[in-house]
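**Q** The structure under discussion is supplied below as structure tokens; questions concerning it will follow.
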Amino acid sequence: MNKTKNILRDSHGRDHTYLRISLIERCNLRCSYCMPEEGVQLSPKSHLMTYEEIYDIAKLFVKHGVTKIRLTGGEPLVRKDIPVILEKLATLPVELSITSNAVIIDKFIDILKATGVNKVNISLDSLDKDKFKHITRRDQFEKVYKNIFLLVKEGFKVKVNAVLIKGFNDNEIIDFINFTKDLPISVRFIEFMPFDGNKWDMSKMVSYKEVMDAVNASSFPTDHIERLQDAPNDTSKNYKIKGYKGSFAIISSVTNPFCDSCNRLRLTANGQLKNCLFSSTESDLLSTFRAGNAIEPVIEKAVNAKLKMRGGMDTLEKLQEPKLHNNNRSMITIGG
Ligand code: SAM
Ligand code: SF4
């Protein structure tokens, strides 16, 4: 019998079962590490995937083995037709989840529940209202903070993503961990990563080691700091403080990348397939799809061309080369 070729397996043997779809390039916040101050060149509306195209393309990925879809952006909830996108994708046999800044998520509780989304990742970089305003350039701390409690109360599994920046919020590591004392959430500290226009430099990044140094130097007794079992393909190293309801984790894409077990592909709002968060190349699925041609050969070629590590930036020296890391989109148009 002829075995069907797995077009989502790359030349390093990695199977890609997780698709992240960016729905929109716009956002209701302006996080400085994500969106350049001067904004980004937005695609004309006609170049963005319609909800029908998102569904049809996602369906093909599912046919070829994708089991997990995460919606992201920009801010996915700002997209007007988000309810219908959720409804359509919920008909596919996948685990559907969303990453949001939570500013307006209280208006979407029912539709998220109705479409089976029970895992939500929320961005929150500071527990201090003024710092939140500084980093997001918007005064929305209270809404986000309240909505995290609301999501937990409504039964969602919540992860809170905090990008750590030296001298800005690295003094909040322990406050964030204490936030998990009575709240069953996972706070994930993300190493600040370089993308086009985000003024990254290595000295602003807080590493996995520095987070753990802060934890070990804190007043938590050593035998109360528990290392948890990470899930397969997990990008984070997970910990918990004994007796706390929640947990914390570190995503160390800079100092400790997890490329060996990477199972992710990314589809941008304008229908470009990125085989890696850091890739400098993209494959135009949408034009191929609109021309009525099969997109599988384009997907297969893109997946097969995936480089072993961080889009070819396989050393810290290469990652620090502006010529290399700026040869990519701004994060706001990738989706994380
Ligand atoms: N607007 C949504 C949100 O903020 O959750 C979804 C899109 S956002 C681009 C997805 C994730 O990317 C967020 O958790 C954000 O913190 C993270 N992110 C953005 N820029 C980053 C950077 N330079 N380094 C590390 N993480 C970054
Ligand atoms: Fe918007 Fe999310 Fe980027 Fe912040 S991290 S600017 S909320 S897309």
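Identifiers in this document derive from the order of the structure tokens: chains are assigned A, B, ..., residues are numbered from 1 separately in each chain, and ligands are numbered from 1 in order of occurrence.
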Which polymer residues have any atom within 12 Å of an atom of Asn256 (chain A), counting only C-alpha atoms, with same-chain residues fewer than 6 positions away left out, as a ChimeraX atom specification?

**A** /A:190-191,207-209,235-237,250,309-310,314-316

**Q** Produce as a PDB file with N, CA and C atoms, in the first residue's frame the set of residues near ligand 1, where near means within 7 Å with only C-alpha atoms and all ligand atoms considered.

**A**
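Result went into pocket_36.pdb, see below:
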```
ATOM      1  N   CYS A  27      -3.781  46.419  16.388  1.00  0.00           N
ATOM      2  CA  CYS A  27      -3.899  46.104  17.806  1.00  0.00           C
ATOM      3  C   CYS A  27      -4.427  47.308  18.566  1.00  0.00           C
ATOM      4  N   TYR A  33       7.994  46.439  22.604  1.00  0.00           N
ATOM      5  CA  TYR A  33       8.854  45.336  22.165  1.00  0.00           C
ATOM      6  C   TYR A  33       8.256  44.597  20.964  1.00  0.00           C
ATOM      7  N   CYS A  34       7.022  44.952  20.624  1.00  0.00           N
ATOM      8  CA  CYS A  34       6.284  44.227  19.583  1.00  0.00           C
ATOM      9  C   CYS A  34       6.025  45.104  18.361  1.00  0.00           C
ATOM     10  N   THR A  72      -4.060  34.401  16.854  1.00  0.00           N
ATOM     11  CA  THR A  72      -3.259  35.459  17.431  1.00  0.00           C
ATOM     12  C   THR A  72      -3.360  36.687  16.543  1.00  0.00           C
ATOM     13  N   GLY A  73      -2.442  37.632  16.723  1.00  0.00           N
ATOM     14  CA  GLY A  73      -2.495  38.849  15.910  1.00  0.00           C
ATOM     15  C   GLY A  73      -1.150  39.565  16.012  1.00  0.00           C
ATOM     16  N   GLY A  74      -1.197  40.834  15.934  1.00  0.00           N
ATOM     17  CA  GLY A  74      -2.113  41.867  16.373  1.00  0.00           C
ATOM     18  C   GLY A  74      -3.027  41.342  17.494  1.00  0.00           C
ATOM     19  N   GLU A  75      -4.083  42.067  17.696  1.00  0.00           N
ATOM     20  CA  GLU A  75      -5.030  41.615  18.708  1.00  0.00           C
ATOM     21  C   GLU A  75      -6.196  40.921  18.004  1.00  0.00           C
ATOM     22  N   PRO A  76      -6.278  39.593  18.135  1.00  0.00           N
ATOM     23  CA  PRO A  76      -7.286  38.850  17.364  1.00  0.00           C
ATOM     24  C   PRO A  76      -8.715  39.286  17.653  1.00  0.00           C
ATOM     25  N   THR A  99      -4.508  33.731  21.778  1.00  0.00           N
ATOM     26  CA  THR A  99      -3.608  34.603  22.536  1.00  0.00           C
ATOM     27  C   THR A  99      -4.137  36.021  22.401  1.00  0.00           C
ATOM     28  N   SER A 100      -4.324  36.693  23.532  1.00  0.00           N
ATOM     29  CA  SER A 100      -4.973  38.004  23.502  1.00  0.00           C
ATOM     30  C   SER A 100      -4.365  38.910  24.563  1.00  0.00           C
ATOM     31  N   ASN A 101      -4.530  40.215  24.357  1.00  0.00           N
ATOM     32  CA  ASN A 101      -4.087  41.132  25.412  1.00  0.00           C
ATOM     33  C   ASN A 101      -5.180  41.341  26.463  1.00  0.00           C
ATOM     34  N   ASN A 121      -4.128  32.502  26.361  1.00  0.00           N
ATOM     35  CA  ASN A 121      -2.863  33.097  26.807  1.00  0.00           C
ATOM     36  C   ASN A 121      -3.036  34.608  26.786  1.00  0.00           C
ATOM     37  N   ILE A 122      -2.716  35.220  27.890  1.00  0.00           N
ATOM     38  CA  ILE A 122      -2.922  36.663  28.035  1.00  0.00           C
ATOM     39  C   ILE A 122      -1.582  37.353  28.247  1.00  0.00           C
ATOM     40  N   SER A 123      -1.376  38.474  27.569  1.00  0.00           N
ATOM     41  CA  SER A 123      -0.136  39.232  27.779  1.00  0.00           C
ATOM     42  C   SER A 123      -0.316  40.249  28.886  1.00  0.00           C
ATOM     43  N   ASN A 161       1.498  35.806  29.837  1.00  0.00           N
ATOM     44  CA  ASN A 161       2.830  35.992  29.260  1.00  0.00           C
ATOM     45  C   ASN A 161       3.407  37.340  29.643  1.00  0.00           C
ATOM     46  N   ALA A 162       4.592  37.336  30.210  1.00  0.00           N
ATOM     47  CA  ALA A 162       5.264  38.593  30.547  1.00  0.00           C
ATOM     48  C   ALA A 162       6.635  38.618  29.869  1.00  0.00           C
ATOM     49  N   VAL A 163       6.843  39.582  28.997  1.00  0.00           N
ATOM     50  CA  VAL A 163       8.165  39.749  28.382  1.00  0.00           C
ATOM     51  C   VAL A 163       9.004  40.564  29.361  1.00  0.00           C
ATOM     52  N   ILE A 190       8.973  35.536  29.406  1.00  0.00           N
ATOM     53  CA  ILE A 190       9.499  35.329  28.057  1.00  0.00           C
ATOM     54  C   ILE A 190      10.769  36.156  27.871  1.00  0.00           C
ATOM     55  N   GLU A 191      11.803  35.493  27.401  1.00  0.00           N
ATOM     56  CA  GLU A 191      13.020  36.253  27.072  1.00  0.00           C
ATOM     57  C   GLU A 191      12.706  37.177  25.900  1.00  0.00           C
ATOM     58  N   PHE A 192      13.064  38.434  26.054  1.00  0.00           N
ATOM     59  CA  PHE A 192      12.855  39.458  25.028  1.00  0.00           C
ATOM     60  C   PHE A 192      13.587  39.048  23.746  1.00  0.00           C
ATOM     61  N   MET A 193      12.861  38.986  22.636  1.00  0.00           N
ATOM     62  CA  MET A 193      13.451  38.504  21.380  1.00  0.00           C
ATOM     63  C   MET A 193      13.569  39.639  20.357  1.00  0.00           C
ATOM     64  N   PRO A 194      14.530  39.519  19.449  1.00  0.00           N
ATOM     65  CA  PRO A 194      14.723  40.580  18.456  1.00  0.00           C
ATOM     66  C   PRO A 194      13.841  40.412  17.214  1.00  0.00           C
ATOM     67  N   PHE A 195      13.163  41.481  16.844  1.00  0.00           N
ATOM     68  CA  PHE A 195      12.391  41.506  15.591  1.00  0.00           C
ATOM     69  C   PHE A 195      12.555  42.873  14.965  1.00  0.00           C
ATOM     70  N   ASN A 198      12.144  46.631  16.850  1.00  0.00           N
ATOM     71  CA  ASN A 198      11.820  46.660  18.289  1.00  0.00           C
ATOM     72  C   ASN A 198      13.004  47.081  19.184  1.00  0.00           C
ATOM     73  N   MET A 331       7.070  41.800  15.193  1.00  0.00           N
ATOM     74  CA  MET A 331       6.277  40.754  15.854  1.00  0.00           C
ATOM     75  C   MET A 331       4.774  40.973  15.671  1.00  0.00           C
ATOM     76  N   ILE A 332       4.336  42.209  15.689  1.00  0.00           N
ATOM     77  CA  ILE A 332       2.890  42.451  15.588  1.00  0.00           C
ATOM     78  C   ILE A 332       2.283  41.844  14.321  1.00  0.00           C
ATOM     79  N   ILE A 334       3.523  39.049  12.971  1.00  0.00           N
ATOM     80  CA  ILE A 334       3.796  37.596  12.959  1.00  0.00           C
ATOM     81  C   ILE A 334       2.816  36.888  13.888  1.00  0.00           C
ATOM     82  N   GLY A 335       2.750  37.384  15.135  1.00  0.00           N
ATOM     83  CA  GLY A 335       1.751  36.812  16.043  1.00  0.00           C
ATOM     84  C   GLY A 335       2.327  36.038  17.214  1.00  0.00           C
ATOM     85  N   GLY A 336       3.629  35.934  17.315  1.00  0.00           N
ATOM     86  CA  GLY A 336       4.217  35.256  18.476  1.00  0.00           C
ATOM     87  C   GLY A 336       4.262  33.760  18.320  1.00  0.00           C
TER      88      GLY A 336
END
```

**Q** Leaving out Ala302 (chain A) and any residue of its chain fewer than 3 positions from it, which residues lie within 12 Å of it when counting only C-alpha atoms, given as a list in words?

**A**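 Listing them by chain and then by number gives Ile7, Leu8, Arg9, Asp10, Ser11, His16, Leu265, Arg266, Leu267, Gln272, Leu273, Lys274, Asn275, Cys276, Ser279, Thr281, Glu282, Ser283, Asp284, Leu285, Ile295, Glu296, Pro297, Val298, Ile299, Ala305, Lys306 and Leu307 of chain A.
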
**Q** Enumerate, as a JSON list (two decimals) with N, CA, C and O atoms, in the first residue's frame, the complete set of residues in region 78-239 of chain A that a backbone-based DSSP assignment places in strand (DSSP E or B).

**A**
```
[["chain", "number", "residue", "atom", "x", "y", "z"],
["A", 95, "GLU", "N", -7.71, 21.29, 18.64],
["A", 95, "GLU", "CA", -7.78, 22.07, 19.88],
["A", 95, "GLU", "C", -7.60, 23.53, 19.47],
["A", 95, "GLU", "O", -6.60, 23.90, 18.86],
["A", 96, "LEU", "N", -8.61, 24.33, 19.78],
["A", 96, "LEU", "CA", -8.60, 25.73, 19.36],
["A", 96, "LEU", "C", -8.28, 26.61, 20.56],
["A", 96, "LEU", "O", -8.90, 26.45, 21.63],
["A", 97, "SER", "N", -7.32, 27.52, 20.39],
["A", 97, "SER", "CA", -6.99, 28.40, 21.52],
["A", 97, "SER", "C", -6.68, 29.79, 21.00],
["A", 97, "SER", "O", -6.65, 30.02, 19.78],
["A", 98, "ILE", "N", -6.46, 30.71, 21.91],
["A", 98, "ILE", "CA", -6.28, 32.11, 21.49],
["A", 98, "ILE", "C", -5.25, 32.80, 22.38],
["A", 98, "ILE", "O", -5.11, 32.46, 23.56],
["A", 99, "THR", "N", -4.51, 33.73, 21.78],
["A", 99, "THR", "CA", -3.61, 34.60, 22.54],
["A", 99, "THR", "C", -4.14, 36.02, 22.40],
["A", 99, "THR", "O", -4.38, 36.49, 21.29],
["A", 100, "SER", "N", -4.32, 36.69, 23.53],
["A", 100, "SER", "CA", -4.97, 38.00, 23.50],
["A", 100, "SER", "C", -4.36, 38.91, 24.56],
["A", 100, "SER", "O", -3.82, 38.44, 25.56],
["A", 119, "LYS", "N", -8.47, 27.35, 26.49],
["A", 119, "LYS", "CA", -7.12, 27.78, 26.90],
["A", 119, "LYS", "C", -6.86, 29.17, 26.33],
["A", 119, "LYS", "O", -6.94, 29.35, 25.10],
["A", 120, "VAL", "N", -6.56, 30.11, 27.18],
["A", 120, "VAL", "CA", -6.27, 31.46, 26.67],
["A", 120, "VAL", "C", -4.94, 31.94, 27.25],
["A", 120, "VAL", "O", -4.67, 31.77, 28.43],
["A", 121, "ASN", "N", -4.13, 32.50, 26.36],
["A", 121, "ASN", "CA", -2.86, 33.10, 26.81],
["A", 121, "ASN", "C", -3.04, 34.61, 26.79],
["A", 121, "ASN", "O", -3.46, 35.17, 25.78],
["A", 122, "ILE", "N", -2.72, 35.22, 27.89],
["A", 122, "ILE", "CA", -2.92, 36.66, 28.03],
["A", 122, "ILE", "C", -1.58, 37.35, 28.25],
["A", 122, "ILE", "O", -0.77, 36.88, 29.04],
["A", 123, "SER", "N", -1.38, 38.47, 27.57],
["A", 123, "SER", "CA", -0.14, 39.23, 27.78],
["A", 123, "SER", "C", -0.32, 40.25, 28.89],
["A", 123, "SER", "O", -1.28, 41.02, 28.87],
["A", 157, "LYS", "N", -8.48, 27.97, 31.23],
["A", 157, "LYS", "CA", -7.09, 27.72, 31.66],
["A", 157, "LYS", "C", -6.27, 28.90, 31.16],
["A", 157, "LYS", "O", -6.16, 29.12, 29.94],
["A", 158, "VAL", "N", -5.74, 29.66, 32.08],
["A", 158, "VAL", "CA", -5.10, 30.93, 31.70],
["A", 158, "VAL", "C", -3.59, 30.87, 31.89],
["A", 158, "VAL", "O", -3.09, 30.47, 32.95],
["A", 159, "LYS", "N", -2.88, 31.29, 30.82],
["A", 159, "LYS", "CA", -1.44, 31.52, 30.95],
["A", 159, "LYS", "C", -1.22, 33.01, 30.77],
["A", 159, "LYS", "O", -1.84, 33.62, 29.89],
["A", 160, "VAL", "N", -0.38, 33.57, 31.60],
["A", 160, "VAL", "CA", -0.09, 35.01, 31.49],
["A", 160, "VAL", "C", 1.34, 35.16, 30.99],
["A", 160, "VAL", "O", 2.28, 34.64, 31.61],
["A", 161, "ASN", "N", 1.50, 35.81, 29.84],
["A", 161, "ASN", "CA", 2.83, 35.99, 29.26],
["A", 161, "ASN", "C", 3.41, 37.34, 29.64],
["A", 161, "ASN", "O", 2.78, 38.38, 29.40],
["A", 162, "ALA", "N", 4.59, 37.34, 30.21],
["A", 162, "ALA", "CA", 5.26, 38.59, 30.55],
["A", 162, "ALA", "C", 6.63, 38.62, 29.87],
["A", 162, "ALA", "O", 7.47, 37.75, 30.13],
["A", 163, "VAL", "N", 6.84, 39.58, 29.00],
["A", 163, "VAL", "CA", 8.17, 39.75, 28.38],
["A", 163, "VAL", "C", 9.00, 40.56, 29.36],
["A", 163, "VAL", "O", 8.62, 41.67, 29.74],
["A", 164, "LEU", "N", 10.12, 39.98, 29.79],
["A", 164, "LEU", "CA", 10.96, 40.69, 30.78],
["A", 164, "LEU", "C", 11.97, 41.58, 30.09],
["A", 164, "LEU", "O", 12.64, 41.16, 29.13],
["A", 165, "ILE", "N", 12.08, 42.80, 30.58],
["A", 165, "ILE", "CA", 13.05, 43.75, 30.03],
["A", 165, "ILE", "C", 13.86, 44.33, 31.19],
["A", 165, "ILE", "O", 13.29, 44.79, 32.19],
["A", 186, "SER", "N", -0.76, 30.10, 34.96],
["A", 186, "SER", "CA", 0.68, 29.92, 34.78],
["A", 186, "SER", "C", 1.25, 31.23, 34.26],
["A", 186, "SER", "O", 0.84, 31.71, 33.20],
["A", 187, "VAL", "N", 2.16, 31.82, 35.01],
["A", 187, "VAL", "CA", 2.83, 33.03, 34.53],
["A", 187, "VAL", "C", 4.08, 32.59, 33.79],
["A", 187, "VAL", "O", 4.88, 31.82, 34.30],
["A", 188, "ARG", "N", 4.21, 33.07, 32.54],
["A", 188, "ARG", "CA", 5.38, 32.64, 31.76],
["A", 188, "ARG", "C", 6.27, 33.85, 31.44],
["A", 188, "ARG", "O", 5.82, 34.81, 30.81],
["A", 189, "PHE", "N", 7.49, 33.78, 31.93],
["A", 189, "PHE", "CA", 8.44, 34.86, 31.66],
["A", 189, "PHE", "C", 9.08, 34.57, 30.31],
["A", 189, "PHE", "O", 9.66, 33.50, 30.10],
["A", 190, "ILE", "N", 8.97, 35.54, 29.41],
["A", 190, "ILE", "CA", 9.50, 35.33, 28.06],
["A", 190, "ILE", "C", 10.77, 36.16, 27.87],
["A", 190, "ILE", "O", 10.78, 37.35, 28.17],
["A", 191, "GLU", "N", 11.80, 35.49, 27.40],
["A", 191, "GLU", "CA", 13.02, 36.25, 27.07],
["A", 191, "GLU", "C", 12.71, 37.18, 25.90],
["A", 191, "GLU", "O", 12.12, 36.74, 24.89],
["A", 205, "MET", "N", 17.75, 42.00, 27.57],
["A", 205, "MET", "CA", 17.08, 40.72, 27.78],
["A", 205, "MET", "C", 17.35, 40.15, 29.17],
["A", 205, "MET", "O", 18.47, 40.25, 29.67],
["A", 225, "ILE", "N", 10.65, 25.27, 45.84],
["A", 225, "ILE", "CA", 10.70, 25.60, 44.40],
["A", 225, "ILE", "C", 10.71, 24.29, 43.63],
["A", 225, "ILE", "O", 11.72, 23.58, 43.60],
["A", 226, "GLU", "N", 9.56, 23.95, 43.06],
["A", 226, "GLU", "CA", 9.43, 22.63, 42.42],
["A", 226, "GLU", "C", 9.54, 22.75, 40.91],
["A", 226, "GLU", "O", 8.87, 23.57, 40.30],
["A", 227, "ARG", "N", 10.38, 21.89, 40.32],
["A", 227, "ARG", "CA", 10.44, 21.81, 38.85],
["A", 227, "ARG", "C", 9.33, 20.89, 38.41],
["A", 227, "ARG", "O", 9.20, 19.77, 38.89],
["A", 236, "SER", "N", 8.29, 25.94, 27.22],
["A", 236, "SER", "CA", 8.65, 26.57, 28.49],
["A", 236, "SER", "C", 9.17, 25.55, 29.51],
["A", 236, "SER", "O", 8.84, 24.37, 29.45],
["A", 237, "LYS", "N", 9.98, 26.05, 30.43],
["A", 237, "LYS", "CA", 10.44, 25.23, 31.56],
["A", 237, "LYS", "C", 9.56, 25.63, 32.73],
["A", 237, "LYS", "O", 9.52, 26.80, 33.11],
["A", 238, "ASN", "N", 8.87, 24.66, 33.30],
["A", 238, "ASN", "CA", 7.80, 24.96, 34.26],
["A", 238, "ASN", "C", 8.19, 24.68, 35.71],
["A", 238, "ASN", "O", 8.82, 23.66, 36.01],
["A", 239, "TYR", "N", 7.76, 25.57, 36.58],
["A", 239, "TYR", "CA", 8.04, 25.48, 38.01],
["A", 239, "TYR", "C", 6.80, 25.85, 38.80],
["A", 239, "TYR", "O", 5.87, 26.46, 38.25]]
```

**Q** What's the 12 Å shell around Thr50 (chain A), counting only C-alpha atoms, without same-chain residues fewer than 2 positions away, as a PDB file with N, CA, C and O atoms, in the first residue's frame?

**A**
```
ATOM      1  N   SER A  22      -2.404  34.231  12.509  1.00  0.00           N
ATOM      2  CA  SER A  22      -2.571  35.640  12.875  1.00  0.00           C
ATOM      3  C   SER A  22      -3.773  36.176  12.085  1.00  0.00           C
ATOM      4  O   SER A  22      -3.849  36.023  10.870  1.00  0.00           O
ATOM      5  N   LEU A  23      -4.708  36.792  12.806  1.00  0.00           N
ATOM      6  CA  LEU A  23      -5.952  37.217  12.153  1.00  0.00           C
ATOM      7  C   LEU A  23      -5.924  38.660  11.704  1.00  0.00           C
ATOM      8  O   LEU A  23      -6.750  39.096  10.906  1.00  0.00           O
ATOM      9  N   ILE A  24      -4.996  39.433  12.254  1.00  0.00           N
ATOM     10  CA  ILE A  24      -5.061  40.881  12.040  1.00  0.00           C
ATOM     11  C   ILE A  24      -3.694  41.494  12.320  1.00  0.00           C
ATOM     12  O   ILE A  24      -2.935  40.985  13.154  1.00  0.00           O
ATOM     13  N   LYS A  45      -6.696  45.834   2.891  1.00  0.00           N
ATOM     14  CA  LYS A  45      -7.681  44.859   3.363  1.00  0.00           C
ATOM     15  C   LYS A  45      -7.830  43.683   2.388  1.00  0.00           C
ATOM     16  O   LYS A  45      -7.970  42.523   2.795  1.00  0.00           O
ATOM     17  N   SER A  46      -7.751  44.011   1.087  1.00  0.00           N
ATOM     18  CA  SER A  46      -7.950  42.956   0.086  1.00  0.00           C
ATOM     19  C   SER A  46      -6.829  41.914   0.128  1.00  0.00           C
ATOM     20  O   SER A  46      -6.949  40.845  -0.470  1.00  0.00           O
ATOM     21  N   HIS A  47      -5.731  42.236   0.789  1.00  0.00           N
ATOM     22  CA  HIS A  47      -4.617  41.276   0.874  1.00  0.00           C
ATOM     23  C   HIS A  47      -4.712  40.394   2.122  1.00  0.00           C
ATOM     24  O   HIS A  47      -3.868  39.538   2.343  1.00  0.00           O
ATOM     25  N   LEU A  48      -5.708  40.664   2.962  1.00  0.00           N
ATOM     26  CA  LEU A  48      -5.845  39.866   4.183  1.00  0.00           C
ATOM     27  C   LEU A  48      -6.769  38.680   3.923  1.00  0.00           C
ATOM     28  O   LEU A  48      -7.721  38.788   3.131  1.00  0.00           O
ATOM     29  N   GLU A  52     -13.542  32.967   5.195  1.00  0.00           N
ATOM     30  CA  GLU A  52     -13.684  31.724   4.410  1.00  0.00           C
ATOM     31  C   GLU A  52     -12.297  31.175   4.058  1.00  0.00           C
ATOM     32  O   GLU A  52     -12.062  29.969   4.127  1.00  0.00           O
ATOM     33  N   GLU A  53     -11.386  32.079   3.669  1.00  0.00           N
ATOM     34  CA  GLU A  53     -10.039  31.621   3.292  1.00  0.00           C
ATOM     35  C   GLU A  53      -9.301  31.041   4.505  1.00  0.00           C
ATOM     36  O   GLU A  53      -8.614  30.026   4.397  1.00  0.00           O
ATOM     37  N   ILE A  54      -9.487  31.687   5.650  1.00  0.00           N
ATOM     38  CA  ILE A  54      -8.835  31.166   6.872  1.00  0.00           C
ATOM     39  C   ILE A  54      -9.329  29.740   7.117  1.00  0.00           C
ATOM     40  O   ILE A  54      -8.544  28.816   7.362  1.00  0.00           O
ATOM     41  N   TYR A  55     -10.625  29.560   6.997  1.00  0.00           N
ATOM     42  CA  TYR A  55     -11.199  28.237   7.251  1.00  0.00           C
ATOM     43  C   TYR A  55     -10.685  27.212   6.232  1.00  0.00           C
ATOM     44  O   TYR A  55     -10.241  26.123   6.609  1.00  0.00           O
ATOM     45  N   ASP A  56     -10.760  27.568   4.945  1.00  0.00           N
ATOM     46  CA  ASP A  56     -10.369  26.598   3.914  1.00  0.00           C
ATOM     47  C   ASP A  56      -8.891  26.217   4.047  1.00  0.00           C
ATOM     48  O   ASP A  56      -8.524  25.045   3.908  1.00  0.00           O
ATOM     49  N   ILE A  57      -8.054  27.201   4.320  1.00  0.00           N
ATOM     50  CA  ILE A  57      -6.609  26.911   4.440  1.00  0.00           C
ATOM     51  C   ILE A  57      -6.351  26.093   5.711  1.00  0.00           C
ATOM     52  O   ILE A  57      -5.622  25.098   5.697  1.00  0.00           O
ATOM     53  N   ARG A  79     -10.601  41.968  15.517  1.00  0.00           N
ATOM     54  CA  ARG A  79     -11.142  41.667  14.189  1.00  0.00           C
ATOM     55  C   ARG A  79     -12.654  41.490  14.283  1.00  0.00           C
ATOM     56  O   ARG A  79     -13.163  40.704  15.074  1.00  0.00           O
ATOM     57  N   LYS A  80     -13.390  42.218  13.407  1.00  0.00           N
ATOM     58  CA  LYS A  80     -14.859  42.271  13.520  1.00  0.00           C
ATOM     59  C   LYS A  80     -15.522  40.904  13.366  1.00  0.00           C
ATOM     60  O   LYS A  80     -16.528  40.604  14.009  1.00  0.00           O
ATOM     61  N   ASP A  81     -14.965  40.074  12.454  1.00  0.00           N
ATOM     62  CA  ASP A  81     -15.632  38.792  12.202  1.00  0.00           C
ATOM     63  C   ASP A  81     -15.040  37.647  13.042  1.00  0.00           C
ATOM     64  O   ASP A  81     -15.180  36.477  12.682  1.00  0.00           O
ATOM     65  N   ILE A  82     -14.431  37.977  14.185  1.00  0.00           N
ATOM     66  CA  ILE A  82     -13.859  36.937  15.052  1.00  0.00           C
ATOM     67  C   ILE A  82     -14.908  35.889  15.457  1.00  0.00           C
ATOM     68  O   ILE A  82     -14.593  34.687  15.467  1.00  0.00           O
ATOM     69  N   VAL A  84     -17.404  34.613  13.784  1.00  0.00           N
ATOM     70  CA  VAL A  84     -17.631  33.630  12.718  1.00  0.00           C
ATOM     71  C   VAL A  84     -16.354  32.817  12.466  1.00  0.00           C
ATOM     72  O   VAL A  84     -16.411  31.605  12.184  1.00  0.00           O
ATOM     73  N   ILE A  85     -15.195  33.436  12.636  1.00  0.00           N
ATOM     74  CA  ILE A  85     -13.938  32.677  12.473  1.00  0.00           C
ATOM     75  C   ILE A  85     -13.886  31.568  13.532  1.00  0.00           C
ATOM     76  O   ILE A  85     -13.581  30.402  13.229  1.00  0.00           O
ATOM     77  N   LYS A  88     -16.423  28.812  12.635  1.00  0.00           N
ATOM     78  CA  LYS A  88     -16.000  27.949  11.514  1.00  0.00           C
ATOM     79  C   LYS A  88     -14.873  27.006  11.968  1.00  0.00           C
ATOM     80  O   LYS A  88     -14.909  25.806  11.696  1.00  0.00           O
ATOM     81  N   ALA A 269      -1.601  37.166   8.773  1.00  0.00           N
ATOM     82  CA  ALA A 269      -2.937  37.642   8.404  1.00  0.00           C
ATOM     83  C   ALA A 269      -3.063  37.839   6.893  1.00  0.00           C
ATOM     84  O   ALA A 269      -4.156  37.716   6.328  1.00  0.00           O
ATOM     85  N   ASN A 270      -1.928  38.116   6.225  1.00  0.00           N
ATOM     86  CA  ASN A 270      -2.006  38.255   4.768  1.00  0.00           C
ATOM     87  C   ASN A 270      -1.608  36.963   4.038  1.00  0.00           C
ATOM     88  O   ASN A 270      -1.174  36.989   2.884  1.00  0.00           O
ATOM     89  N   GLY A 271      -1.764  35.853   4.747  1.00  0.00           N
ATOM     90  CA  GLY A 271      -1.690  34.554   4.081  1.00  0.00           C
ATOM     91  C   GLY A 271      -0.312  34.066   3.703  1.00  0.00           C
ATOM     92  O   GLY A 271      -0.155  33.291   2.753  1.00  0.00           O
ATOM     93  N   LEU A 286      -1.650  32.513   0.173  1.00  0.00           N
ATOM     94  CA  LEU A 286      -2.910  33.151  -0.203  1.00  0.00           C
ATOM     95  C   LEU A 286      -3.005  33.400  -1.717  1.00  0.00           C
ATOM     96  O   LEU A 286      -4.046  33.118  -2.321  1.00  0.00           O
ATOM     97  N   PHE A 289      -3.621  30.163  -3.391  1.00  0.00           N
ATOM     98  CA  PHE A 289      -4.994  29.730  -3.107  1.00  0.00           C
ATOM     99  C   PHE A 289      -5.988  30.533  -3.960  1.00  0.00           C
ATOM    100  O   PHE A 289      -6.896  29.975  -4.580  1.00  0.00           O
ATOM    101  N   ARG A 290      -5.790  31.844  -4.018  1.00  0.00           N
ATOM    102  CA  ARG A 290      -6.720  32.694  -4.781  1.00  0.00           C
ATOM    103  C   ARG A 290      -6.643  32.428  -6.284  1.00  0.00           C
ATOM    104  O   ARG A 290      -7.614  32.631  -7.006  1.00  0.00           O
TER     105      ARG A 290
END
```

**Q** Taking only C-alpha atoms and all ligand atoms into account, name the residue in A:Leu183, A:Phe156, A:Phe108, A:Thr333 that is nearest to ligand 2.

**A**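 Checking each candidate against ligand 2, we get A:Thr333 as the closest.
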
**Q** Once DSSP has gone over the backbone, tell me which residues of region 130-276 of chain A are in helix (DSSP H, G or I), as a PyMOL selection string.

**A** chain A and resi 130-136+141-153+170-178+202-204+208-216+222-224+259-261
